[in-house]
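**Student:** I'm passing along input.txt; it holds compact mmCIF, C-alpha atoms and all ligand atoms.
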```txt
# COMPACT_ATOMS: atom_id res chain seq x y z
CA MET A 432 8.38 -21.71 13.21
CA PHE A 433 5.47 -19.35 13.91
CA PHE A 434 3.11 -21.55 11.98
CA SER A 435 3.56 -24.37 14.49
CA LEU A 436 2.10 -22.04 17.14
CA ASP A 437 -1.60 -21.37 17.63
CA PRO A 438 -2.26 -18.27 15.44
CA GLU A 439 -3.33 -15.99 18.26
CA ARG A 440 -0.41 -17.08 20.45
CA ALA A 441 1.96 -16.35 17.56
CA HIS A 442 0.39 -12.90 17.25
CA GLU A 443 0.81 -12.27 20.98
CA PHE A 444 4.45 -13.31 20.82
CA VAL A 445 5.17 -10.95 17.93
CA ALA A 446 3.13 -8.23 19.64
CA THR A 447 5.31 -8.54 22.74
CA LEU A 448 8.50 -8.05 20.71
CA LEU A 449 7.08 -5.22 18.61
CA GLY A 450 5.61 -3.69 21.77
CA LEU A 451 9.07 -3.51 23.32
CA ALA A 452 10.49 -1.94 20.18
CA HIS A 453 7.51 0.44 20.12
CA ARG A 454 8.31 1.72 23.59
CA HIS A 455 12.12 1.82 23.32
CA GLU A 456 13.74 3.65 20.44
CA ALA A 457 17.13 2.12 21.27
CA LEU A 458 15.64 -1.35 20.76
CA ARG A 459 14.25 -0.39 17.37
CA ALA A 460 17.73 0.69 16.35
CA MET A 461 19.27 -2.52 17.76
CA LEU A 462 16.81 -4.67 15.86
CA GLY A 463 18.10 -2.98 12.76
CA VAL A 464 14.58 -2.22 11.63
CA ASP A 465 15.14 1.38 10.70
CA GLY A 466 16.43 0.94 7.14
CA ARG A 467 13.54 2.40 5.23
CA GLU A 468 12.50 2.11 1.61
CA GLN A 469 10.87 5.43 0.84
CA LEU A 470 8.20 6.34 -1.64
CA GLU A 471 6.64 9.60 -0.60
CA VAL A 472 2.93 9.91 -1.27
CA THR A 473 0.80 12.89 -0.32
CA ALA A 474 -2.69 11.92 0.77
CA LEU A 475 -5.23 12.83 3.44
CA GLY A 476 -3.35 16.04 4.08
CA ARG A 477 -0.15 14.19 5.04
CA THR A 478 3.05 12.99 3.49
CA PHE A 479 3.31 9.21 3.81
CA SER A 480 6.90 7.92 3.65
CA SER A 481 5.39 4.85 1.96
CA PRO A 482 1.85 4.25 0.67
CA VAL A 483 1.86 0.86 2.44
CA ILE A 484 -0.14 0.87 5.69
CA VAL A 485 -0.77 -1.78 8.35
CA ALA A 486 -4.51 -2.55 8.14
CA ALA A 487 -6.73 -2.35 11.21
CA GLY A 488 -6.81 -5.33 13.56
CA PHE A 489 -3.07 -5.90 13.84
CA ASP A 490 -2.32 -3.17 16.38
CA LYS A 491 -5.68 -3.27 18.15
CA HIS A 492 -4.33 -1.79 21.39
CA ALA A 493 -2.18 0.99 19.89
CA ALA A 494 0.90 -0.66 21.33
CA MET A 495 3.13 -1.39 18.32
CA TYR A 496 2.82 1.40 15.77
CA ASN A 497 6.29 2.92 16.18
CA ALA A 498 7.91 -0.49 15.67
CA LEU A 499 5.73 -1.08 12.60
CA TYR A 500 6.81 2.29 11.22
CA ALA A 501 10.41 1.23 11.73
CA LEU A 502 9.69 -1.86 9.63
CA GLY A 503 8.94 0.47 6.73
CA PHE A 504 5.18 0.98 6.79
CA GLY A 505 4.19 4.58 6.03
CA GLY A 506 1.16 4.39 8.28
CA VAL A 507 -0.50 2.23 10.90
CA GLU A 508 -4.25 2.05 11.41
CA VAL A 509 -4.76 1.15 15.05
CA GLY A 510 -7.95 -0.48 16.36
CA THR A 511 -10.69 -1.29 15.92
CA ILE A 512 -11.29 0.61 19.14
CA THR A 513 -14.71 0.76 20.79
CA ALA A 514 -16.06 3.20 23.39
CA HIS A 515 -16.31 0.37 25.96
CA ALA A 516 -13.53 -2.10 26.72
CA GLN A 517 -14.54 -5.62 25.65
CA PRO A 518 -12.95 -9.07 25.61
CA GLY A 519 -14.05 -10.15 22.13
CA ASN A 520 -15.28 -13.64 21.31
CA ASP A 521 -14.21 -16.87 22.94
CA ARG A 522 -11.03 -18.52 21.70
CA PRO A 523 -10.13 -20.06 19.36
CA ARG A 524 -11.11 -17.17 17.09
CA LEU A 525 -8.27 -16.91 14.59
CA PHE A 526 -7.42 -19.59 12.02
CA ARG A 527 -4.86 -20.01 9.24
CA LEU A 528 -5.76 -21.47 5.87
CA VAL A 529 -2.15 -21.82 4.76
CA GLU A 530 -2.93 -23.50 1.43
CA ASP A 531 -5.00 -20.47 0.46
CA ARG A 532 -2.73 -17.85 2.02
CA ALA A 533 -5.79 -16.78 3.98
CA LEU A 534 -7.05 -16.28 7.52
CA ILE A 535 -10.47 -16.57 9.11
CA ASN A 536 -11.06 -14.51 12.23
CA ARG A 537 -13.93 -13.82 14.58
CA MET A 538 -11.98 -11.75 17.11
CA GLY A 539 -14.99 -9.53 17.84
CA PHE A 540 -13.19 -6.22 18.50
CA ASN A 541 -11.25 -7.31 21.59
CA ASN A 542 -9.80 -4.05 22.91
CA HIS A 543 -9.28 -2.02 26.07
CA GLY A 544 -11.67 0.76 25.11
CA ALA A 545 -11.18 4.29 23.80
CA LEU A 546 -9.97 5.81 27.06
CA ARG A 547 -7.11 3.37 27.48
CA ALA A 548 -6.19 3.62 23.82
CA ARG A 549 -5.99 7.39 24.26
CA GLU A 550 -3.69 6.97 27.27
CA ALA A 551 -1.51 4.49 25.38
CA ILE A 552 -1.06 6.90 22.47
CA LEU A 553 -0.34 9.86 24.74
CA ARG A 554 2.32 7.81 26.56
CA HIS A 555 4.14 6.91 23.33
CA LEU A 556 3.37 9.49 20.67
CA PRO A 557 3.76 8.48 17.01
CA ALA A 558 7.33 8.81 15.72
CA ALA A 559 7.96 11.78 13.46
CA GLY A 560 6.85 10.86 9.94
CA LEU A 561 4.43 8.08 10.91
CA VAL A 562 0.82 8.55 9.87
CA LEU A 563 -1.46 7.21 12.59
CA GLY A 564 -4.96 6.18 11.57
CA ILE A 565 -7.50 5.33 14.25
CA ASN A 566 -10.29 2.89 13.39
CA LEU A 567 -13.50 3.08 15.43
CA GLY A 568 -16.19 0.44 15.87
CA LYS A 569 -19.39 -0.05 17.84
CA SER A 570 -19.21 -1.55 21.33
CA LYS A 571 -20.99 -4.89 21.54
CA VAL A 572 -23.08 -3.77 24.54
CA THR A 573 -24.43 -0.75 22.68
CA PRO A 574 -27.68 -1.43 20.80
CA VAL A 575 -27.50 -0.80 17.08
CA GLU A 576 -30.00 2.07 17.41
CA GLN A 577 -27.53 3.92 19.65
CA ALA A 578 -24.50 3.25 17.48
CA ALA A 579 -24.02 6.90 16.48
CA ASP A 580 -23.48 8.03 20.09
CA ASP A 581 -21.08 5.15 20.69
CA TYR A 582 -18.89 6.10 17.71
CA ALA A 583 -19.11 9.77 18.70
CA GLU A 584 -17.84 9.00 22.20
CA SER A 585 -14.79 7.19 20.81
CA ALA A 586 -14.23 10.03 18.36
CA ARG A 587 -14.35 12.57 21.19
CA LEU A 588 -11.55 10.75 22.98
CA LEU A 589 -9.40 9.76 20.04
CA ALA A 590 -9.88 12.18 17.16
CA PRO A 591 -7.46 14.74 18.63
CA LEU A 592 -4.71 12.10 18.34
CA ALA A 593 -5.61 10.78 14.89
CA HIS A 594 -4.01 11.75 11.60
CA TYR A 595 -7.07 10.15 10.06
CA LEU A 596 -10.16 8.56 11.52
CA VAL A 597 -12.09 5.55 10.21
CA VAL A 598 -15.71 4.65 10.86
CA ASN A 599 -15.69 0.88 10.61
CA VAL A 600 -19.12 -0.52 9.79
CA SER A 601 -17.96 -3.64 8.03
CA SER A 602 -16.55 -6.23 10.43
CA PRO A 603 -18.63 -9.39 10.40
CA ASN A 604 -18.01 -10.31 14.05
CA THR A 605 -20.15 -7.77 15.91
CA PRO A 606 -23.84 -8.65 15.60
CA GLY A 607 -25.71 -6.01 13.56
CA LEU A 608 -22.61 -3.94 12.73
CA ARG A 609 -22.78 -4.40 8.99
CA SER A 610 -26.39 -3.21 8.94
CA LEU A 611 -24.86 0.21 9.71
CA GLN A 612 -23.62 0.31 6.11
CA ALA A 613 -27.20 1.17 5.14
CA VAL A 614 -27.08 4.77 4.00
CA ASP A 615 -29.44 6.21 6.66
CA ALA A 616 -27.61 4.56 9.53
CA LEU A 617 -24.19 5.49 8.18
CA GLU A 618 -25.27 9.07 7.64
CA GLY A 619 -26.36 9.30 11.28
CA ILE A 620 -23.02 7.96 12.48
CA VAL A 621 -20.98 10.24 10.24
CA ARG A 622 -22.93 13.30 11.38
CA ALA A 623 -22.62 12.36 15.07
CA VAL A 624 -18.87 11.83 14.68
CA ARG A 625 -18.56 15.16 12.84
CA ALA A 626 -20.42 16.93 15.64
CA ALA A 627 -18.01 15.38 18.18
CA LEU A 628 -15.04 16.56 16.12
CA ASP A 629 -16.49 20.07 15.94
CA ARG A 630 -16.94 20.14 19.71
CA GLU A 631 -13.30 19.07 20.14
CA GLY A 632 -12.17 21.63 17.59
CA VAL A 633 -10.36 19.04 15.44
CA SER A 634 -10.91 17.88 11.89
CA PRO A 635 -8.89 14.79 10.95
CA PRO A 636 -9.86 13.34 7.57
CA LEU A 637 -12.79 10.97 8.05
CA LEU A 638 -13.08 7.71 6.12
CA VAL A 639 -15.45 4.76 6.17
CA LYS A 640 -14.43 1.14 5.78
CA ILE A 641 -16.75 -1.14 3.85
CA ALA A 642 -17.29 -4.85 3.34
CA PRO A 643 -16.61 -6.75 0.11
CA ASP A 644 -20.03 -8.39 0.44
CA LEU A 645 -22.04 -5.28 -0.44
CA ALA A 646 -24.13 -5.35 -3.59
CA ASP A 647 -22.82 -3.04 -6.31
CA GLU A 648 -25.71 -0.58 -5.84
CA ASP A 649 -24.86 -0.33 -2.14
CA VAL A 650 -21.22 0.41 -2.98
CA ASP A 651 -22.47 3.23 -5.23
CA ALA A 652 -24.79 4.51 -2.51
CA ILE A 653 -21.92 4.68 -0.02
CA ALA A 654 -19.70 6.50 -2.52
CA ASP A 655 -22.52 9.02 -3.04
CA LEU A 656 -22.96 9.41 0.72
CA ALA A 657 -19.22 9.93 1.16
CA LEU A 658 -19.29 12.70 -1.44
CA ARG A 659 -22.41 14.29 0.04
CA GLU A 660 -20.99 14.26 3.56
CA LYS A 661 -17.58 15.39 2.35
CA LEU A 662 -15.75 12.38 3.70
CA ALA A 663 -12.07 12.16 2.84
CA GLY A 664 -12.20 8.62 1.55
CA ILE A 665 -13.21 4.97 1.72
CA ILE A 666 -11.28 1.86 2.70
CA ALA A 667 -12.16 -1.12 0.53
CA THR A 668 -12.37 -3.70 1.91
CA ASN A 669 -12.83 -5.51 5.19
CA THR A 670 -13.04 -9.34 5.38
CA THR A 671 -15.78 -11.38 3.72
CA ILE A 672 -18.30 -13.82 5.13
CA ALA A 673 -18.27 -15.66 1.79
CA ARG A 674 -16.23 -18.83 1.36
CA ASP A 675 -16.68 -19.54 -2.35
CA GLU A 676 -13.30 -18.15 -3.45
CA LEU A 677 -11.40 -20.63 -1.29
CA SER A 678 -9.64 -23.32 -3.28
CA LEU A 679 -10.60 -26.92 -2.71
CA ARG A 680 -7.11 -27.54 -1.30
CA THR A 681 -8.66 -26.65 2.03
CA PRO A 682 -11.55 -29.16 2.25
CA ARG A 683 -14.93 -27.46 2.57
CA SER A 684 -15.80 -29.59 5.60
CA ALA A 685 -12.65 -28.34 7.36
CA VAL A 686 -13.55 -24.75 6.50
CA ALA A 687 -17.11 -25.22 7.74
CA ALA A 688 -15.80 -26.73 10.97
CA LEU A 689 -13.95 -23.47 11.74
CA GLY A 690 -17.30 -21.74 12.01
CA ALA A 691 -18.24 -18.10 11.49
CA GLY A 692 -15.76 -15.31 10.83
CA GLY A 693 -14.29 -12.99 8.27
CA LEU A 694 -12.09 -14.42 5.53
CA SER A 695 -9.04 -12.37 4.49
CA GLY A 696 -6.02 -12.80 2.24
CA ALA A 697 -5.54 -14.03 -1.31
CA PRO A 698 -9.11 -15.35 -1.84
CA ILE A 699 -10.65 -11.89 -1.35
CA ARG A 700 -8.23 -9.97 -3.59
CA GLU A 701 -10.38 -10.01 -6.69
CA ARG A 702 -13.60 -8.94 -5.01
CA SER A 703 -11.86 -6.18 -3.03
CA LEU A 704 -10.35 -4.90 -6.26
CA ALA A 705 -13.76 -4.95 -7.94
CA VAL A 706 -15.25 -2.87 -5.11
CA LEU A 707 -12.34 -0.44 -5.39
CA ARG A 708 -12.88 -0.09 -9.14
CA ARG A 709 -16.57 0.53 -8.63
CA LEU A 710 -15.82 3.26 -6.09
CA TYR A 711 -13.32 4.89 -8.42
CA ASP A 712 -15.77 4.77 -11.32
CA ARG A 713 -18.29 6.58 -9.15
CA ALA A 714 -16.14 9.10 -7.33
CA GLY A 715 -12.86 9.33 -9.21
CA SER A 716 -10.25 11.39 -7.43
CA ARG A 717 -12.86 13.20 -5.31
CA LEU A 718 -12.33 10.52 -2.65
CA THR A 719 -9.06 9.07 -1.39
CA LEU A 720 -9.46 5.33 -1.85
CA VAL A 721 -7.50 2.91 0.30
CA ALA A 722 -7.18 -0.67 -0.95
CA ALA A 723 -7.19 -3.68 1.39
CA GLY A 724 -7.73 -7.34 0.60
CA GLY A 725 -5.17 -9.94 -0.29
CA ILE A 726 -2.33 -7.55 -1.14
CA GLU A 727 0.98 -9.42 -0.78
CA THR A 728 3.27 -8.08 -3.47
CA ALA A 729 4.19 -4.85 -5.24
CA GLU A 730 2.34 -6.16 -8.30
CA HIS A 731 -0.89 -6.56 -6.28
CA ALA A 732 -0.43 -3.11 -4.77
CA TRP A 733 0.26 -1.57 -8.20
CA GLN A 734 -2.94 -3.11 -9.63
CA SER A 735 -4.85 -1.45 -6.79
CA VAL A 736 -3.21 1.89 -7.51
CA LEU A 737 -4.01 1.66 -11.22
CA SER A 738 -7.59 0.78 -10.21
CA GLY A 739 -7.97 3.89 -8.07
CA ALA A 740 -6.20 3.43 -4.71
CA THR A 741 -3.89 6.14 -3.41
CA LEU A 742 -2.85 4.03 -0.42
CA VAL A 743 -2.77 0.28 0.21
CA GLN A 744 -3.15 -1.75 3.38
CA VAL A 745 -1.93 -5.20 4.31
CA TYR A 746 -2.72 -7.58 7.12
CA THR A 747 -2.85 -11.22 5.99
CA GLY A 748 0.07 -10.71 3.58
CA PHE A 749 2.12 -9.45 6.51
CA ILE A 750 1.46 -12.74 8.33
CA TYR A 751 2.49 -14.87 5.35
CA LYS A 752 5.37 -12.76 4.00
CA GLY A 753 6.80 -11.59 7.31
CA PRO A 754 8.40 -8.36 8.47
CA SER A 755 10.07 -7.43 5.16
CA ILE A 756 6.76 -6.97 3.35
CA ALA A 757 6.52 -3.19 3.72
CA ARG A 758 10.00 -2.61 2.39
CA ALA A 759 9.55 -5.12 -0.44
CA ILE A 760 6.27 -3.60 -1.63
CA THR A 761 7.54 -0.03 -1.29
CA LYS A 762 10.68 -0.81 -3.28
CA GLY A 763 8.66 -2.62 -5.97
CA LEU A 764 6.18 0.25 -6.23
CA ARG A 765 8.97 2.77 -6.63
CA GLU A 766 10.41 0.72 -9.47
CA LYS A 767 7.01 0.29 -11.11
CA LEU A 768 6.28 3.99 -10.92
CA ALA A 769 9.66 4.82 -12.46
CA ALA A 770 9.16 2.26 -15.26
CA SER A 771 5.55 3.29 -15.93
CA GLY A 772 6.21 6.67 -17.48
CA PHE A 773 3.76 8.35 -15.10
CA ARG A 774 5.27 11.55 -13.83
CA THR A 775 3.69 11.43 -10.39
CA TRP A 776 1.95 8.98 -8.09
CA SER A 777 -1.39 10.69 -8.63
CA ASP A 778 -1.02 10.25 -12.39
CA ALA A 779 -0.86 6.49 -11.79
CA VAL A 780 -3.87 6.41 -9.47
CA GLY A 781 -6.86 5.11 -11.41
CA ALA A 782 -4.96 5.06 -14.72
CA ALA A 783 -6.30 1.60 -15.65
CA THR A 784 -9.83 2.97 -15.65
CA ARG A 785 -9.17 5.87 -18.03
C1 LIG B 1 -7.04 -11.21 12.56
C2 LIG B 1 -7.67 -10.05 11.87
C3 LIG B 1 -8.27 -9.05 12.64
C4 LIG B 1 -8.86 -7.95 12.02
N1 LIG B 1 -9.41 -6.98 12.80
C5 LIG B 1 -9.95 -5.87 12.20
C6 LIG B 1 -10.46 -4.82 12.98
O1 LIG B 1 -10.43 -4.84 14.21
N2 LIG B 1 -11.02 -3.76 12.33
C7 LIG B 1 -11.04 -3.67 10.96
O2 LIG B 1 -11.53 -2.66 10.43
N3 LIG B 1 -10.53 -4.66 10.20
C8 LIG B 1 -10.00 -5.74 10.79
N4 LIG B 1 -9.47 -6.74 10.01
C9 LIG B 1 -9.57 -6.63 8.53
C10 LIG B 1 -8.30 -6.06 7.91
O3 LIG B 1 -8.03 -4.77 8.37
C11 LIG B 1 -8.41 -6.04 6.37
O4 LIG B 1 -9.43 -5.12 6.00
C12 LIG B 1 -8.75 -7.39 5.77
O5 LIG B 1 -8.13 -8.43 6.49
C13 LIG B 1 -8.34 -7.49 4.30
O6 LIG B 1 -6.94 -7.31 4.14
P1 LIG B 1 -5.91 -8.55 4.07
O7 LIG B 1 -6.44 -9.52 3.07
O8 LIG B 1 -4.61 -7.92 3.70
O9 LIG B 1 -5.86 -9.14 5.43
C14 LIG B 1 -8.87 -7.85 10.61
C15 LIG B 1 -8.27 -8.85 9.86
C16 LIG B 1 -7.67 -9.94 10.45
C17 LIG B 1 -7.03 -10.99 9.61
```
Translate this file's structure into structure tokens.
Ligand SMILES: Cc1cc2nc3c(=O)[nH]c(=O)nc-3n(C[C@H](O)[C@H](O)[C@H](O)COP(=O)(O)O)c2cc1C
**Tutor:**
Amino acid sequence: MFFSLDPERAHEFVATLLGLAHRHEALRAMLGVDGREQLEVTALGRTFSSPVIVAAGFDKHAAMYNALYALGFGGVEVGTITAHAQPGNDRPRLFRLVEDRALINRMGFNNHGALRAREAILRHLPAAGLVLGINLGKSKVTPVEQAADDYAESARLLAPLAHYLVVNVSSPNTPGLRSLQAVDALEGIVRAVRAALDREGVSPPLLVKIAPDLADEDVDAIADLALREKLAGIIATNTTIARDELSLRTPRSAVAALGAGGLSGAPIRERSLAVLRRLYDRAGSRLTLVAAGGIETAEHAWQSVLSGATLVQVYTGFIYKGPSIARAITKGLREKLAASGFRTWSDAVGAATR
């Protein structure tokens, strides 16, 4: 039924329902969404009730996370949030490629700004047990040269509420943003964010989120930077601007007609996994790696774990599989871990590379 609706309208409809359940515990219970599948994983200084997290971009306004937790996700990464409120790009800006189990989006960080996100979180604090990640981006009005201050301002407002904080420099829909993945620029941002955290007297684990389109040497350089700056981890990956992994079931002319945007879902799985592997080769268990990109099943998630991920994120798979995805993947992962012979989760992490 949802797929007969315009994709963004379908999202808004679901967001309204999940928003109600977010704000009213009694509704969450009535919806019967509190039957959890558990697989406890310790990471980033927390215990996750499941290693499956909602990727950034789904709960952009920090208005659904408690309902998403009730659906069985161990964590929710809200945002991307920017220092300034902004409307994002003109609609239409979200497209389904059903044949490829993929999406293309050029949302452009539509959000109400860091101050309102802070108020929203303070009004409805995360349910006990939920791990709340907060993903920060650069405001469109802020010139790239002043990016560090823009991230720092968001961090000042939001870091005290975050269980972990993400510097997002990899979305393709804010002009110039991905240039911030260059080591010098990223170092400046990380240091400015750190200084803001110090001033606030808080120290949530800090991660960066990278694009699948980076050259291998750039992936290595970011892993090295993360180690040098003592970051907690890296999220790999965001969406891609490439289109070559799309099948020909979606005609190329139709894809081209959709215009610019980031491609997510099944077609990016392989490249995201390759980036993850590269990061693990470089940093091993010194960084907490979080996999994102085309994960739909427990088997996909398990491959990511064996390749080095401690946690996995889903967005596009959630759209195609529906609300049971967190429970299904968690259950499958528990079974795979039990059948694998590994004693603990951390024994499984990266095992395919050893
Ligand atoms: C509609 C949409 C909006 C997104 N918005 C954001 C965002 O605001 N910030 C971000 O870091 N990633 C964003 N992403 C990227 C996802 O978090 C994820 O990294 C990417 O889609 C790959 O995972 P997937 O294949 O499971 O969707 C968005 C993805 C989609 C599909």
**Student:** Name the residues, by chain letter and number, that sit within 8 Å of ligand LIG 1 (chain B) using only C-alpha atoms and all ligand atoms, and give them as a compact mmCIF listing (two decimals) with C-alpha atoms, in the coordinates of the input.
**Tutor:**
```txt
# COMPACT_ATOMS: atom_id res chain seq x y z
CA VAL A 485 -0.77 -1.78 8.35
CA ALA A 486 -4.51 -2.55 8.14
CA ALA A 487 -6.73 -2.35 11.21
CA GLY A 488 -6.81 -5.33 13.56
CA PHE A 489 -3.07 -5.90 13.84
CA LYS A 491 -5.68 -3.27 18.15
CA GLY A 510 -7.95 -0.48 16.36
CA THR A 511 -10.69 -1.29 15.92
CA ILE A 512 -11.29 0.61 19.14
CA LEU A 525 -8.27 -16.91 14.59
CA ALA A 533 -5.79 -16.78 3.98
CA LEU A 534 -7.05 -16.28 7.52
CA ILE A 535 -10.47 -16.57 9.11
CA ASN A 536 -11.06 -14.51 12.23
CA ARG A 537 -13.93 -13.82 14.58
CA MET A 538 -11.98 -11.75 17.11
CA GLY A 539 -14.99 -9.53 17.84
CA PHE A 540 -13.19 -6.22 18.50
CA ASN A 541 -11.25 -7.31 21.59
CA ASN A 566 -10.29 2.89 13.39
CA LEU A 567 -13.50 3.08 15.43
CA GLY A 568 -16.19 0.44 15.87
CA ASN A 599 -15.69 0.88 10.61
CA VAL A 600 -19.12 -0.52 9.79
CA SER A 601 -17.96 -3.64 8.03
CA SER A 602 -16.55 -6.23 10.43
CA LYS A 640 -14.43 1.14 5.78
CA ILE A 666 -11.28 1.86 2.70
CA ALA A 667 -12.16 -1.12 0.53
CA THR A 668 -12.37 -3.70 1.91
CA ASN A 669 -12.83 -5.51 5.19
CA THR A 670 -13.04 -9.34 5.38
CA GLY A 693 -14.29 -12.99 8.27
CA LEU A 694 -12.09 -14.42 5.53
CA SER A 695 -9.04 -12.37 4.49
CA GLY A 696 -6.02 -12.80 2.24
CA ALA A 697 -5.54 -14.03 -1.31
CA ILE A 699 -10.65 -11.89 -1.35
CA ARG A 700 -8.23 -9.97 -3.59
CA ALA A 723 -7.19 -3.68 1.39
CA GLY A 724 -7.73 -7.34 0.60
CA GLY A 725 -5.17 -9.94 -0.29
CA ILE A 726 -2.33 -7.55 -1.14
CA GLU A 727 0.98 -9.42 -0.78
CA GLN A 744 -3.15 -1.75 3.38
CA VAL A 745 -1.93 -5.20 4.31
CA TYR A 746 -2.72 -7.58 7.12
CA THR A 747 -2.85 -11.22 5.99
CA GLY A 748 0.07 -10.71 3.58
CA PHE A 749 2.12 -9.45 6.51
```
**Student:** Counting all atoms listed in the file, figure out which residue out of A:His453, A:Arg708, A:Arg713, A:Arg549 gets nearest to Val736 of chain A.
**Tutor:** A:Arg708
**Student:** Hey, what's within 12 Å of Ala652 of chain A if we count all atoms listed in the file and toss same-chain stuff fewer than 3 positions away? As a list in words, please?
**Tutor:**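 After dropping sequence-adjacent residues, the list is Gln612, Ala613, Val614, Asp615, Leu617, Glu618, Ile641, Leu645, Ala646, Asp647, Glu648, Asp649, Asp655, Leu656, Ala657, Leu658, Arg659, Arg709, Leu710, Arg713 and Ala714 of chain A.
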**Student:** Excluding same-chain residues fewer than 6 positions from segment 473-484 of chain A, what lies within 6 Å of it counting only C-alpha atoms, as a ChimeraX atom specification?
**Tutor:** /A:504-507,742-744
**Student:** Once you have the residues from the selection above, write them out as a PDB file, in the coordinates of the input, restricted to C-alpha atoms.
**Tutor:**
```pdb
ATOM      1  CA  PHE A 504       5.180   0.980   6.790  1.00  0.00           C
ATOM      2  CA  GLY A 505       4.190   4.580   6.030  1.00  0.00           C
ATOM      3  CA  GLY A 506       1.160   4.390   8.280  1.00  0.00           C
ATOM      4  CA  VAL A 507      -0.500   2.230  10.900  1.00  0.00           C
ATOM      5  CA  LEU A 742      -2.850   4.030  -0.420  1.00  0.00           C
ATOM      6  CA  VAL A 743      -2.770   0.280   0.210  1.00  0.00           C
ATOM      7  CA  GLN A 744      -3.150  -1.750   3.380  1.00  0.00           C
TER       8      GLN A 744
END
```
**Student:** What separation in Å, quoted to one decimal, exists between atom CA of Gly632 of chain A and atom CA of Pro591 of chain A?
**Tutor:**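 These atoms are spaced 8.4 Å apart.
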**Student:** Rounded to one decimal place, report the atom CA of Ile750 of chain A-atom CA of His555 of chain A distance in Å.
**Tutor:**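 Calculated distance between atom CA of Ile750 of chain A and atom CA of His555 of chain A is 24.9 Å.
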**Student:** Which centre and edge lengths in Å to one decimal define the box along x, y and z that fits every listed atom of segment 511-525 of chain A plus 5 Å per side, as lines of an AutoDock Vina configuration file?
**Tutor:**
```
center_x = -12.3
center_y = -8.4
center_z = 20.7
size_x = 18.0
size_y = 33.3
size_z = 22.1
```
**Student:** Choose the residue, out of A:Leu449, A:Leu596, A:Ala583, A:Ala551, that has the smallest atom-to-atom separation from Pro636 of chain A; count all atoms listed in the file.
**Tutor:**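 So, comparing all the options, the nearest one is A:Leu596.
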**Student:** For the atom pair atom CA of Gly564 of chain A and atom CA of Met461 of chain A, what is the interatomic distance in Å to one decimal place?
**Tutor:** 26.5 Å
**Student:** Could you tell me which of A:Asp712, A:Arg527, A:Ala673, A:Asn542 comes closest to Asp437 of chain A if we count only C-alpha atoms?
**Tutor:**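 Using only C-alpha atoms, the shortest distance to Asp437 of chain A belongs to A:Arg527.
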**Student:** Would you list the contacts of Arg587 of chain A as a PyMOL selection string, taking every protein, DNA or RNA residue within 12 Å and counting all atoms listed in the file, but skipping same-chain residues closer than 3 positions in sequence?
**Tutor:** chain A and resi 513-514+545-546+549+567+580-584+590-593+596+623-635
